[in-house]
Structures are given as C-alpha cells and as structure tokens.
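Structure file protein27.txt (compact mmCIF, C-alpha atoms (C1' of nucleotides)) follows.
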# COMPACT_ATOMS: atom_id res chain seq x y z
CA MET N 14 66.81 -8.85 21.12
CA LYS N 15 63.76 -6.67 21.40
CA ILE N 16 62.52 -5.24 18.17
CA GLU N 17 64.03 -3.06 15.47
CA TYR N 18 62.16 -0.89 13.05
CA LYS N 19 63.81 0.33 9.90
CA LEU N 20 62.14 2.90 7.70
CA ILE N 21 62.78 1.89 4.11
CA LYS N 22 61.08 4.75 2.37
CA ASN N 23 58.29 7.30 2.47
CA ASP N 24 55.62 8.10 -0.06
CA ASN N 25 54.44 11.41 1.31
CA LYS N 26 53.70 10.44 4.93
CA ALA N 27 53.00 6.77 4.15
CA ARG N 28 55.84 4.55 5.33
CA LEU N 29 57.35 1.36 4.03
CA GLY N 30 59.36 -0.32 6.74
CA LYS N 31 60.92 -3.47 8.06
CA LEU N 32 60.42 -4.89 11.51
CA LYS N 33 63.10 -7.19 12.90
CA THR N 34 61.82 -9.47 15.65
CA ASN N 35 62.85 -12.58 17.56
CA TYR N 36 60.79 -14.54 15.09
CA GLY N 37 61.86 -13.11 11.77
CA GLU N 38 61.59 -9.96 9.71
CA TYR N 39 58.32 -8.50 8.55
CA ASP N 40 57.44 -5.70 6.21
CA THR N 41 55.19 -2.86 7.23
CA PRO N 42 52.48 -1.65 6.86
CA MET N 43 51.19 -4.86 8.39
CA PHE N 44 47.89 -6.18 9.68
CA MET N 45 47.93 -8.32 12.83
CA PRO N 46 45.09 -10.77 13.45
CA VAL N 47 43.65 -10.88 16.95
CA GLY N 48 43.82 -14.05 19.01
CA THR N 49 42.53 -12.84 22.35
CA ARG N 50 42.60 -16.20 24.13
CA ALA N 51 45.81 -17.41 22.52
CA THR N 52 44.02 -18.44 19.36
CA VAL N 53 42.82 -16.51 16.38
CA LYS N 54 39.29 -17.78 16.63
CA SER N 55 38.83 -20.94 14.54
CA LEU N 56 42.17 -20.76 12.69
CA SER N 57 45.18 -23.00 13.20
CA PRO N 58 48.70 -21.53 13.13
CA ASP N 59 49.29 -23.18 9.76
CA GLU N 60 46.25 -21.44 8.38
CA LEU N 61 47.58 -18.14 9.73
CA TYR N 62 50.92 -18.69 8.03
CA GLU N 63 49.10 -19.47 4.81
CA VAL N 64 47.21 -16.17 4.81
CA GLY N 65 50.48 -14.34 5.46
CA SER N 66 50.04 -13.46 9.09
CA GLY N 67 53.05 -11.93 10.82
CA ILE N 68 52.56 -10.68 14.35
CA ALA N 69 49.48 -12.08 16.10
CA LEU N 70 47.79 -10.61 19.16
CA ALA N 71 46.82 -12.16 22.46
CA ASN N 72 45.27 -10.54 25.50
CA THR N 73 46.74 -10.18 28.97
CA TYR N 74 43.40 -9.88 30.73
CA HIS N 75 41.94 -13.06 29.25
CA LEU N 76 45.06 -15.17 29.68
CA TRP N 77 45.50 -13.90 33.23
CA LEU N 78 42.07 -15.28 34.10
CA ARG N 79 42.44 -18.47 32.10
CA PRO N 80 44.64 -20.44 32.09
CA GLY N 81 46.78 -18.03 34.14
CA GLU N 82 50.20 -16.61 33.27
CA ASP N 83 52.02 -19.13 35.45
CA THR N 84 50.52 -22.01 33.52
CA ILE N 85 51.63 -20.47 30.26
CA LYS N 86 55.08 -19.87 31.68
CA LYS N 87 55.26 -23.54 32.66
CA ALA N 88 54.23 -24.46 29.14
CA GLY N 89 57.34 -22.62 27.97
CA GLY N 90 55.73 -19.29 27.10
CA LEU N 91 52.99 -18.22 24.80
CA HIS N 92 54.74 -19.27 21.59
CA LYS N 93 55.12 -22.84 22.72
CA PHE N 94 51.75 -22.89 24.42
CA MET N 95 49.84 -21.93 21.28
CA ASN N 96 52.47 -23.19 18.84
CA TYR N 97 52.69 -19.94 16.94
CA LYS N 98 56.12 -19.57 15.42
CA ARG N 99 55.85 -15.93 14.49
CA PRO N 100 55.88 -12.85 16.73
CA ILE N 101 53.20 -12.28 19.32
CA LEU N 102 52.01 -8.98 20.76
CA THR N 103 50.06 -8.97 24.00
CA ASP N 104 47.55 -6.27 24.69
CA SER N 105 47.82 -5.00 28.24
CA GLY N 106 44.22 -5.32 29.33
CA GLY N 107 43.84 -1.57 28.92
CA PHE N 108 41.01 -1.93 26.48
CA GLN N 109 39.12 -3.98 29.06
CA VAL N 110 39.13 -0.84 31.19
CA PHE N 111 37.01 0.62 28.43
CA SER N 112 34.63 -2.31 28.14
CA LEU N 113 34.51 -3.75 31.67
CA ALA N 114 34.91 -0.90 34.15
CA LYS N 115 31.43 0.53 33.90
CA ASN N 116 31.74 2.96 36.77
CA LYS N 117 34.80 4.92 35.68
CA GLU N 118 34.98 7.20 38.70
CA LYS N 119 34.88 4.35 41.15
CA ASP N 120 36.59 1.52 39.31
CA ILE N 121 39.55 3.39 37.87
CA THR N 122 41.95 4.49 40.60
CA GLU N 123 45.52 5.67 40.70
CA GLU N 124 46.57 2.18 41.72
CA GLY N 125 44.86 0.44 38.82
CA VAL N 126 41.51 -0.76 37.58
CA HIS N 127 38.93 -2.76 39.46
CA PHE N 128 37.14 -5.29 37.30
CA LYS N 129 34.51 -7.82 37.91
CA SER N 130 35.67 -11.04 36.31
CA HIS N 131 33.39 -11.92 33.40
CA LEU N 132 33.85 -15.57 34.34
CA ASP N 133 32.75 -15.74 37.97
CA GLY N 134 32.02 -12.13 38.95
CA SER N 135 34.90 -12.00 41.40
CA ASN N 136 36.50 -8.61 42.07
CA LEU N 137 39.87 -8.17 40.43
CA LEU N 138 42.47 -5.43 40.39
CA LEU N 139 44.71 -4.99 37.39
CA THR N 140 47.57 -2.55 37.84
CA PRO N 141 50.28 -1.38 35.45
CA GLU N 142 52.82 -3.46 37.35
CA LYS N 143 50.61 -6.53 37.30
CA SER N 144 49.90 -6.19 33.60
CA ILE N 145 53.58 -5.95 32.72
CA GLU N 146 54.46 -8.76 35.09
CA ILE N 147 51.91 -11.01 33.42
CA GLN N 148 53.14 -10.05 29.97
CA ASN N 149 56.74 -10.73 31.03
CA LYS N 150 55.70 -14.23 32.00
CA LEU N 151 53.63 -14.79 28.89
CA ASP N 152 56.87 -13.99 27.05
CA SER N 153 55.26 -12.26 24.10
CA ASP N 154 57.57 -10.36 21.76
CA ILE N 155 55.81 -7.07 22.29
CA ALA N 156 54.15 -6.00 25.52
CA MET N 157 51.80 -3.05 25.65
CA SER N 158 51.69 -0.43 28.36
CA PHE N 159 48.68 -0.57 30.62
CA ASP N 160 46.58 2.44 29.67
CA GLU N 161 43.11 3.79 30.05
CA CYS N 162 41.11 3.86 26.83
CA PRO N 163 38.32 6.31 27.62
CA PRO N 164 35.04 6.16 25.74
CA TYR N 165 33.86 8.90 23.39
CA PRO N 166 32.97 11.51 24.23
CA VAL N 167 34.34 12.50 27.63
CA SER N 168 34.97 15.96 28.99
CA TYR N 169 38.28 17.74 28.51
CA GLU N 170 38.83 17.64 32.26
CA TYR N 171 38.30 13.89 32.42
CA MET N 172 40.54 13.27 29.44
CA LYS N 173 43.29 15.45 30.87
CA LYS N 174 43.28 13.51 34.12
CA SER N 175 43.11 10.23 32.24
CA VAL N 176 46.06 11.14 30.02
CA GLU N 177 48.15 12.12 33.00
CA ARG N 178 47.28 8.96 34.85
CA THR N 179 48.03 6.85 31.78
CA LEU N 180 51.46 8.51 31.64
CA ARG N 181 52.13 7.65 35.27
CA TRP N 182 50.99 4.10 34.57
CA ALA N 183 53.30 3.94 31.55
CA LYS N 184 56.31 4.90 33.72
CA ARG N 185 55.36 2.44 36.43
CA GLY N 186 55.00 -0.31 33.84
CA LYS N 187 58.34 0.46 32.27
CA ASP N 188 60.04 0.44 35.67
CA VAL N 189 59.02 -3.15 36.38
CA HIS N 190 59.45 -4.48 32.84
CA ASN N 191 62.25 -7.02 32.96
CA ASN N 192 61.99 -9.42 30.04
CA PRO N 193 65.07 -8.81 27.88
CA ASN N 194 63.49 -10.54 24.89
CA GLN N 195 60.37 -8.46 24.99
CA ALA N 196 59.76 -5.02 23.53
CA LEU N 197 57.51 -2.58 25.38
CA PHE N 198 55.27 -0.11 23.54
CA GLY N 199 53.83 3.12 24.84
CA ILE N 200 50.32 4.30 24.05
CA VAL N 201 49.25 7.79 23.09
CA GLN N 202 45.84 8.89 24.33
CA GLY N 203 44.10 12.25 24.51
CA GLY N 204 40.79 11.68 22.79
CA GLU N 205 39.81 14.30 20.24
CA PHE N 206 41.66 17.09 22.05
CA THR N 207 44.57 18.21 19.93
CA ASP N 208 46.64 19.63 22.77
CA LEU N 209 46.14 16.53 24.93
CA ARG N 210 47.20 14.27 22.06
CA GLU N 211 50.32 16.41 21.66
CA TYR N 212 51.02 16.32 25.38
CA SER N 213 50.36 12.60 25.67
CA CYS N 214 52.55 11.87 22.70
CA LYS N 215 55.52 14.03 23.71
CA GLU N 216 55.48 12.76 27.29
CA THR N 217 55.12 9.13 26.22
CA VAL N 218 58.07 9.51 23.87
CA LYS N 219 60.14 10.99 26.73
CA ILE N 220 59.65 7.78 28.67
CA ASP N 221 61.28 6.07 25.68
CA PHE N 222 59.55 2.94 24.41
CA ASP N 223 60.46 0.43 21.72
CA GLY N 224 57.43 1.43 19.67
CA TYR N 225 54.38 3.65 19.97
CA SER N 226 50.69 3.18 19.54
CA ILE N 227 47.84 5.50 18.94
CA GLY N 228 45.08 4.41 21.27
CA GLY N 229 41.63 5.61 22.08
CA THR N 230 40.32 5.61 18.55
CA SER N 231 37.32 3.83 17.14
CA VAL N 232 35.38 4.17 20.35
CA GLY N 233 32.34 5.92 18.92
CA GLU N 234 33.74 9.02 17.26
CA SER N 235 33.18 9.94 13.62
CA LYS N 236 35.71 9.02 10.94
CA GLU N 237 36.79 12.64 10.63
CA VAL N 238 37.50 12.86 14.36
CA MET N 239 39.34 9.56 14.30
CA TYR N 240 41.60 10.67 11.45
CA LYS N 241 42.28 13.91 13.29
CA MET N 242 43.20 11.94 16.43
CA ILE N 243 45.81 10.11 14.39
CA ASP N 244 47.20 13.32 12.89
CA ASP N 245 47.31 15.03 16.26
CA GLY N 246 49.49 12.38 17.83
CA ILE N 247 51.61 10.96 15.09
CA ARG N 248 53.48 14.13 14.20
CA TYR N 249 55.40 13.98 17.47
CA LEU N 250 56.47 10.34 17.16
CA PRO N 251 60.09 9.48 16.32
CA VAL N 252 60.55 8.28 12.74
CA ASP N 253 62.78 5.37 13.77
CA LYS N 254 60.14 3.60 15.87
CA VAL N 255 57.20 1.57 14.67
CA ARG N 256 53.74 3.13 14.92
CA TYR N 257 50.77 1.03 15.79
CA LEU N 258 47.14 2.11 15.47
CA MET N 259 45.27 0.00 17.98
CA GLY N 260 42.04 -1.70 17.13
CA VAL N 261 41.55 -0.43 13.62
CA GLY N 262 40.85 -2.75 10.75
CA ASP N 263 38.21 -1.35 8.46
CA PRO N 264 39.87 -1.39 5.02
CA ILE N 265 39.23 2.31 4.40
CA ASP N 266 40.48 3.23 7.87
CA ILE N 267 43.67 1.27 7.23
CA LEU N 268 44.27 3.23 4.04
CA GLU N 269 43.55 6.55 5.75
CA ALA N 270 45.89 5.64 8.60
CA VAL N 271 48.72 4.48 6.35
CA GLU N 272 48.43 7.78 4.54
CA ARG N 273 49.01 9.45 7.90
CA GLY N 274 52.08 7.34 8.73
CA ILE N 275 50.81 4.30 10.63
CA ASP N 276 52.77 1.04 10.26
CA ILE N 277 50.81 -1.70 12.01
CA PHE N 278 47.20 -2.50 12.79
CA ASP N 279 45.17 -5.05 14.65
CA CYS N 280 41.45 -5.61 14.64
CA VAL N 281 38.83 -8.16 15.58
CA LEU N 282 36.68 -7.07 12.66
CA PRO N 283 37.71 -9.68 10.09
CA THR N 284 37.09 -12.60 12.44
CA ARG N 285 34.06 -11.18 14.18
CA ILE N 286 32.14 -10.23 11.05
CA ALA N 287 33.11 -13.58 9.57
CA ARG N 288 31.36 -15.39 12.40
CA HIS N 289 28.34 -13.24 11.69
CA GLY N 290 28.38 -14.16 8.02
CA GLN N 291 30.06 -11.18 6.44
CA ALA N 292 32.98 -10.94 4.05
CA PHE N 293 35.22 -8.16 2.79
CA THR N 294 35.38 -7.87 -0.96
CA ARG N 295 36.94 -5.38 -3.34
CA ASN N 296 33.44 -4.12 -4.00
CA GLY N 297 32.59 -3.61 -0.35
CA LYS N 298 31.39 -5.80 2.45
CA ILE N 299 28.84 -8.50 1.65
CA ASN N 300 26.51 -10.40 3.95
CA LEU N 301 26.37 -14.08 3.08
CA ASN N 302 23.10 -14.33 4.99
CA ASN N 303 21.45 -12.40 2.17
CA ALA N 304 19.00 -14.44 0.11
CA ARG N 305 20.65 -13.35 -3.14
CA PHE N 306 23.58 -15.68 -2.42
CA LYS N 307 21.48 -18.81 -1.99
CA GLU N 308 22.25 -20.10 -5.46
CA ASP N 309 25.39 -18.12 -6.16
CA PHE N 310 27.93 -20.81 -6.94
CA THR N 311 30.91 -18.50 -7.41
CA PRO N 312 33.63 -17.79 -4.83
CA VAL N 313 33.40 -14.86 -2.41
CA GLU N 314 36.04 -13.27 -4.63
CA GLU N 315 37.02 -14.76 -7.96
CA GLU N 316 40.55 -13.30 -7.83
CA CYS N 317 41.27 -14.05 -4.15
CA ASP N 318 44.02 -16.60 -3.44
CA CYS N 319 42.71 -17.76 -0.04
CA TYR N 320 41.70 -21.32 0.78
CA ALA N 321 38.02 -20.40 1.04
CA CYS N 322 37.88 -18.68 -2.33
CA ARG N 323 39.90 -21.37 -4.08
CA ASN N 324 37.61 -24.16 -2.89
CA PHE N 325 34.12 -23.01 -1.94
CA THR N 326 31.19 -21.06 -3.31
CA LYS N 327 29.10 -18.31 -1.77
CA GLY N 328 26.07 -20.57 -1.96
CA TYR N 329 27.80 -23.24 0.10
CA ILE N 330 29.26 -20.81 2.64
CA ARG N 331 25.82 -19.18 2.96
CA HIS N 332 24.39 -22.61 3.70
CA LEU N 333 27.02 -23.14 6.42
CA ILE N 334 26.34 -19.72 7.92
CA THR N 335 22.56 -20.02 7.92
CA THR N 336 22.72 -23.50 9.43
CA LYS N 337 25.29 -22.24 11.97
CA GLU N 338 27.89 -24.77 10.92
CA THR N 339 31.30 -23.75 12.29
CA LEU N 340 33.08 -24.21 8.98
CA GLY N 341 31.25 -21.18 7.60
CA GLY N 342 32.75 -18.70 10.05
CA ARG N 343 36.10 -20.40 9.69
CA LEU N 344 36.19 -20.04 5.92
CA LEU N 345 35.09 -16.41 6.10
CA SER N 346 37.69 -15.71 8.81
CA ILE N 347 40.38 -17.11 6.54
CA HIS N 348 39.12 -14.97 3.70
CA ASN N 349 38.73 -11.76 5.71
CA ILE N 350 42.17 -11.97 7.30
CA ARG N 351 43.69 -12.75 3.93
CA PHE N 352 41.82 -9.79 2.50
CA LEU N 353 43.34 -7.33 4.97
CA ILE N 354 46.81 -8.84 4.70
CA LYS N 355 46.61 -8.72 0.92
CA LEU N 356 45.54 -5.10 1.26
CA THR N 357 48.72 -4.33 3.22
CA GLU N 358 50.80 -6.21 0.65
CA GLU N 359 49.38 -4.04 -2.10
CA ILE N 360 49.85 -0.92 0.03
CA ARG N 361 53.53 -1.78 0.41
CA GLU N 362 53.90 -2.23 -3.35
CA ALA N 363 52.16 1.08 -3.93
CA ILE N 364 54.45 2.92 -1.48
CA LYS N 365 57.45 1.29 -3.11
CA ASP N 366 56.26 2.64 -6.47
CA ASP N 367 55.33 6.06 -5.07
CA ILE N 368 51.71 5.60 -6.09
CA PHE N 369 50.13 5.12 -2.67
CA LEU N 370 47.58 7.92 -3.01
CA GLU N 371 46.47 6.70 -6.43
CA TYR N 372 46.19 3.18 -5.12
CA LYS N 373 44.19 4.34 -2.13
CA GLU N 374 41.79 6.37 -4.24
CA GLN N 375 41.26 3.54 -6.68
CA PHE N 376 40.65 1.03 -3.87
CA ILE N 377 38.18 3.26 -2.08
CA ASN N 378 36.29 4.09 -5.26
CA LYS N 379 35.69 0.43 -5.91
CA TYR N 380 35.08 -0.51 -2.28
CA SER N 381 32.50 2.13 -1.53
CA LYS N 382 30.68 2.01 -4.86
C1' G C 14 -24.59 -41.92 9.94
C1' C C 15 -24.41 -39.82 15.28
C1' G C 16 -21.68 -37.25 19.08
C1' A C 17 -17.42 -34.60 21.25
C1' U C 18 -13.33 -31.49 20.51
C1' A C 19 -10.54 -28.46 17.52
C1' U C 20 -9.30 -24.84 13.26
C1' U C 21 -5.10 -17.95 14.91
C1' G C 22 1.30 -15.91 10.34
C1' G C 23 6.09 -19.81 6.93
C1' U C 24 6.15 -22.98 11.74
C1' G C 25 5.05 -23.81 17.19
C1' A C 26 1.61 -21.28 19.48
C1' A C 27 -0.62 -17.19 23.49
C1' G C 28 -4.83 -14.28 23.74
C1' U C 29 -9.22 -10.77 24.42
C1' G C 30 -16.69 -8.55 23.34
C1' G C 31 -13.69 -2.40 22.37
C1' U C 32 -7.13 1.72 20.40
C1' U C 33 -1.42 -1.04 16.58
C1' A C 34 -3.26 -10.01 17.87
C1' A C 35 1.89 -11.75 22.95
C1' C C 36 6.09 -14.71 22.63
C1' A C 37 9.50 -18.04 20.14
C1' C C 38 11.59 -19.99 15.81
C1' G C 39 11.94 -19.02 10.68
C1' C C 40 12.31 -15.40 6.97
C1' U C 41 14.13 -10.25 5.14
C1' G C 42 17.50 -6.42 6.03
C1' G C 43 21.15 -3.87 9.03
C1' U C 44 25.15 -3.31 12.88
C1' U C 45 29.99 -4.92 14.48
C1' U C 46 37.09 -1.45 14.78
C1' G C 47 43.42 -2.92 21.31
C1' U C 48 36.78 -9.63 21.22
C1' G C 49 33.65 -9.55 29.02
C1' G C 50 29.77 -12.40 26.89
C1' C C 51 29.01 -13.52 20.54
C1' A C 52 25.89 -11.61 19.49
C1' C C 53 22.82 -7.15 18.88
C1' C C 54 19.02 -3.99 16.27
C1' A C 55 14.94 -3.44 12.93
C1' G C 56 11.07 -5.39 9.78
C1' U C 57 7.85 -9.40 9.05
C1' A C 58 -0.78 -11.90 10.22
C1' U C 59 -5.17 -4.97 7.61
C1' G C 60 -6.19 -10.49 10.02
C1' C C 61 -7.80 -15.31 13.77
C1' A C 62 -11.12 -22.08 8.52
C1' U C 63 -15.59 -20.30 5.26
C1' C C 64 -20.43 -18.01 5.03
C1' G C 65 -24.24 -15.84 7.70
C1' G C 66 -26.33 -13.87 12.42
C1' U C 67 -26.45 -11.23 17.45
C1' U C 68 -24.15 -6.52 19.00
C1' C C 69 -22.84 0.46 18.88
C1' G C 70 -18.63 -2.95 18.15
C1' A C 71 -16.98 -10.05 16.90
C1' U C 72 -10.82 -13.47 16.21
C1' C C 73 -13.70 -14.09 20.87
C1' C C 74 -21.05 -15.15 21.44
C1' C C 75 -24.82 -18.01 18.10
C1' G C 76 -25.95 -21.01 13.55
C1' A C 77 -24.65 -23.49 9.08
C1' U C 78 -20.74 -25.43 6.08
C1' A C 79 -15.75 -27.43 5.36
C1' U C 80 -11.60 -29.95 7.33
C1' A C 81 -9.02 -32.73 11.24
C1' U C 82 -8.81 -35.91 15.56
C1' C C 83 -11.25 -39.11 19.02
C1' G C 84 -15.49 -42.09 20.48
C1' C C 85 -20.16 -44.80 19.23
C1' C C 86 -23.42 -47.62 15.72
Kindly transcribe the structure held in the file into structure tokens.
Amino acid sequence: MKIEYKLIKNDNKARLGKLKTNYGEYDTPMFMPVGTRATVKSLSPDELYEVGSGIALANTYHLWLRPGEDTIKKAGGLHKFMNYKRPILTDSGGFQVFSLAKNKEKDITEEGVHFKSHLDGSNLLLTPEKSIEIQNKLDSDIAMSFDECPPYPVSYEYMKKSVERTLRWAKRGKDVHNNPNQALFGIVQGGEFTDLREYSCKETVKIDFDGYSIGGTSVGESKEVMYKMIDDGIRYLPVDKVRYLMGVGDPIDILEAVERGIDIFDCVLPTRIARHGQAFTRNGKINLNNARFKEDFTPVEEECDCYACRNFTKGYIRHLITTKETLGGRLLSIHNIRFLIKLTEEIREAIKDDIFLEYKEQFINKYSK
RNA sequence: GCGAUAUUGGUGAAGUGGUUAACACGCUGGUUUGUGGCACCAGUAUGCAUCGGUUCGAUCCCGAUAUAUCGCC
C-alpha cells in the first residue's frame, strides 16, 4: 500500500483528516520531526513515540553521502536501519539545492544539480532520477519529488523557468519511481507570484501524485507573503490528498497554515533551537541561557506532560545548556517536539468542535503577549 | 634590609608618546522554519596598580608609594 488520506471534516478551511500508512493510521494536522541523518538529533525512537511522533523525516542527500543508499538497503531499509517503527518521509535533496548550490545559473542545469559535497568537497550531481532511485532504495513510506527551492526574492523570469524545470523534474521522477510500498509527493513552487503558484499547482496535480506539498516558503519572505504563497497554491489542490507545508514549524505559522488547509508539517526548529538553549512555551519562546533562569527551579512548563517538564527544572536545564552538556539540548528537544505535537493535538480537537479560529486566536494572544 | 622584574576588563592577555586599548574566553541579549557545517550576530575596560612629574599631549617616559615574584645579606 502507498498512503491514503481521508478528510474527516472541515472547520472553515481547516481540515481534520486521517492518514493510513504502512505503519499505522495517524490523524492530521500533524507535525513531523526532522531526522536528517536517520536520527532525530539526540532522541531515541522510544522517546519519539513517547512525545507522540508519527511520521519522521530523513534526508536523501545526507544518506546518499553517508552511509549510502545501498548500505541502508542491505540493512533492510531505513525503518530497520534506524529502528523507527512508524512512517518515514524522505526529503528529496531539493532543499539542498537552495542551501548548497551557490551559483544557481551554473550549478542548476536541466539534467540536475551540481553540488560540492560538504564532506570532502567532491563534485556531485543529483538528478530527479537519482533522487527517486535513492529514495526507492531507502524504502521510506513517502518519497518527495526532486524540486528546486529558489531563494527569496528572485525575478519573475527566474521563477517561471524554475517552476517549469521543477515540473519536468517531477515527471521524470515519477517515471522512474518503482517502489510499490512508497508514496510519491509532488511539490508546488512559484515563489510569491500568484499566477506561477497557480500554474505550478495545476500542472503538478495533472502529473498525479499521492500527496502534495507547498514548497519554497520560509526562505526569507515576510509572514504575509508566506501566507499568501500558501493561499495561492492550496486552492487548486484536490481535497482527497494530503497537503504538506514543507519546512514550517513556528507555532504561529502552523496555526496560520492549518487555517488555510494544510495537513502536515515538518521543521528543524524545535530541535535546532533546543540545542541553542531555547524552548517553546505557551507564553512564547524562552531562552534558557538567560540569567533570570539561573535559580528558577520550576519546569519549562508546569502543565506540560513531557519527560523534561515532569522531571527537571529550568535552573538545571540552564546549567546543562551553559556548560554545554548534551543532556540539555536533548531535554529541550523532547520538550519542543512535544510542544508542537501537543499543539496539533489541540488543533485537531478544536477542528472537531468547530472552534478552530477561537482556539487559534486564544493561542496566539497568549503566545505573543 | 638591598637589588631585579612585573602590575592593562570577570579571566588569559596584546599593544602604542597622538582619533573609539587587539584578540580569546566569560558574561548580557538576540537570531534560527524541507538541518552542508551547528552555530551565527550584537553588546560588554571613559580606562592600563596608586600619587606626583616631564610633555601641546602619558596606559606607554621619569620619580615615589603599594603589591607580587625571584635573587642576595
């Protein structure tokens, strides 16, 4: 089986849904933690289950370089390799086009993208076919199309060419995709240009994927532009397929995106800021490095049910962070992932009760106070 | 008691007779959105042991004092 999305109900545009996968059923909206190198940094699979993680991400580019897709295939696939017993989505390496291919004109060609390996500087070429082939071998549950994620801003002319090329890449990827247990998602691009988003979306849907993502957001544009990018693409997506907003995980952005009809999210934010000493709370983000927490012997959040909040104080976690002890980032990662997953749980309840907008307003009021 | 050397921020220190005293760490904030790297950015000594002197101008030169270290009686 691939993947099945069932829309349970709407609350305005917000959607409550169910996603059937090879590894169980999950409710949406859902937040997916990012485990680029086949591990959500510092957390064990058991800890992920405990915070309520469903689908987890891994990255094609990184696993291609190390340990190599053939090694993972020999290990029995990504699930066995990393011992994660829930669904896995692999990103295509498309985002690395954005971060690694510095000279867009030269490095991005019709054939694919030329990278310099961040490990040894060797010249590499990742193509749509190669990306899908690697993902087929990794045996993730969801593979992503290989796309170009252009920075912001770029000219209309550049974006138009990029969108068209990404569409050709999407077709090429789909043509070689041959893992019957793996879903393949298409990615809508188009930057902030309404007509290009519409074009990208309609053409991507024509190719017919198992799910669709909105890509190219959160690359430097303002919040208003980002929300418009979502609106501009999502209206042309089929209601019976899951909708994934790539790379977004700020709590307020999640709420804004759910309001616009997004079902799933992924983001490095909870784990990255955790390693830098920061924690999400209902009252906004806090920085445990701040001196005011030195002798604060209360949990990060009194009402949070995560392992970190049930067992440790801000003063202790601050001590771990300032002394660069690894447990500090680990505890905050557990908390931050739990925070976003709990947020999606509450969002689902709110949609169920037709009070999503009230819930959103109340959350944001408290969070941004 | 005599002599030598030293004294620069919270710490380790660089430095120069002439605008805002380098750098590092620490400290205080901030940033982070499909993780190249896990880090990045900003602020942080109105003062160079103290008191005098020379000089247009002294953290830098001179003297005294204090403290520290080393050596000698």
Would you compute, for all listed atoms of segment 75-86 of chain C, the axis-aligned bounding box grown by 3 Å on each side, and then report its centre and edge lengths in Å rounded to one decimal, as JSON?
{"center_x": -17.4, "center_y": -32.8, "center_z": 12.9, "size_x": 23.1, "size_y": 35.6, "size_z": 21.1}
Would you kindly report the residues of chain N within 8 Å of chain C, using all atoms listed in the file, as a PyMOL selection string? chain N and resi 49+104+107-109+112-113+130-131+228+231+259-263+279-282+285-286
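The list of residues with at least one atom within 8 Å of Val126 of chain N, based on only C-alpha atoms (C1' of nucleotides) and without residues fewer than 2 positions apart in the same chain, reads N:Val110, N:Ala114, N:Asp120, N:Ile121, N:Thr122, N:Glu124, N:Phe128, N:Leu138, N:Leu139, N:Thr140.
Going from atom CA of Tyr320 of chain N over to atom CA of Leu61 of chain N, you cover 11.2 Å.
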Which residues, written as an mmCIF file with C-alpha atoms (C1' of nucleotides), in the frame of the given file, have at least one atom at most 12 Å from U82 of chain C, with all atoms listed in the file counted and residues fewer than 6 positions away on the same chain left out?
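Listed below is the output, selection_6.cif:
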data_model
loop_
_atom_site.group_PDB
_atom_site.id
_atom_site.type_symbol
_atom_site.label_atom_id
_atom_site.label_comp_id
_atom_site.auth_asym_id
_atom_site.auth_seq_id
_atom_site.Cartn_x
_atom_site.Cartn_y
_atom_site.Cartn_z
ATOM 1 C "C1'" A C 17 -17.420 -34.600 21.250
ATOM 2 C "C1'" U C 18 -13.330 -31.490 20.510
ATOM 3 C "C1'" A C 19 -10.540 -28.460 17.520
ATOM 4 C "C1'" U C 20 -9.300 -24.840 13.260
#
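Counting from atom CA of Gly297 of chain N, the distance to atom CA of Leu70 of chain N is 25.7 Å.
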Nearest to Asn296 of chain N, chosen from N:Ser235, N:Ser226, N:Asn324, N:Gln375, with only C-alpha atoms counted in the distances: N:Gln375
For Lys19 of chain N, find every residue with an atom within 12 Å (counting all atoms listed in the file), except residues of its own chain fewer than 2 positions away, and show them as a VMD selection string. chain N and resid 16 to 17 21 to 23 28 to 34 38 to 42 224 251 to 256 276
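Taking all atoms listed in the file into account, C61 of chain C lies nearest to C:G22 out of the set C:G76, C:G30, C:G39, C:G22.
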Suppose you want the space between atom CA of Ile227 of chain N and atom CA of Trp182 of chain N; what is it in Å?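 So the answer is 16.0 Å.
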Please list as a VMD selection string every residue within 12 Å of Thr52 of chain N, counting all atoms listed in the file and excluding residues in the same chain fewer than 5 positions away. (chain N and resid 46 to 47 57 to 61 69 to 72 75 to 76 91 to 92 94 to 97 101 284) or (chain C and resid 48)
Selection: 12 Å around Gly81 of chain N, only C-alpha atoms (C1' of nucleotides), excl. self and same-chain fewer than 6 positions, as a ChimeraX atom specification: /N:50-51,72-75,87-88,90-91,94,147-148,150-151
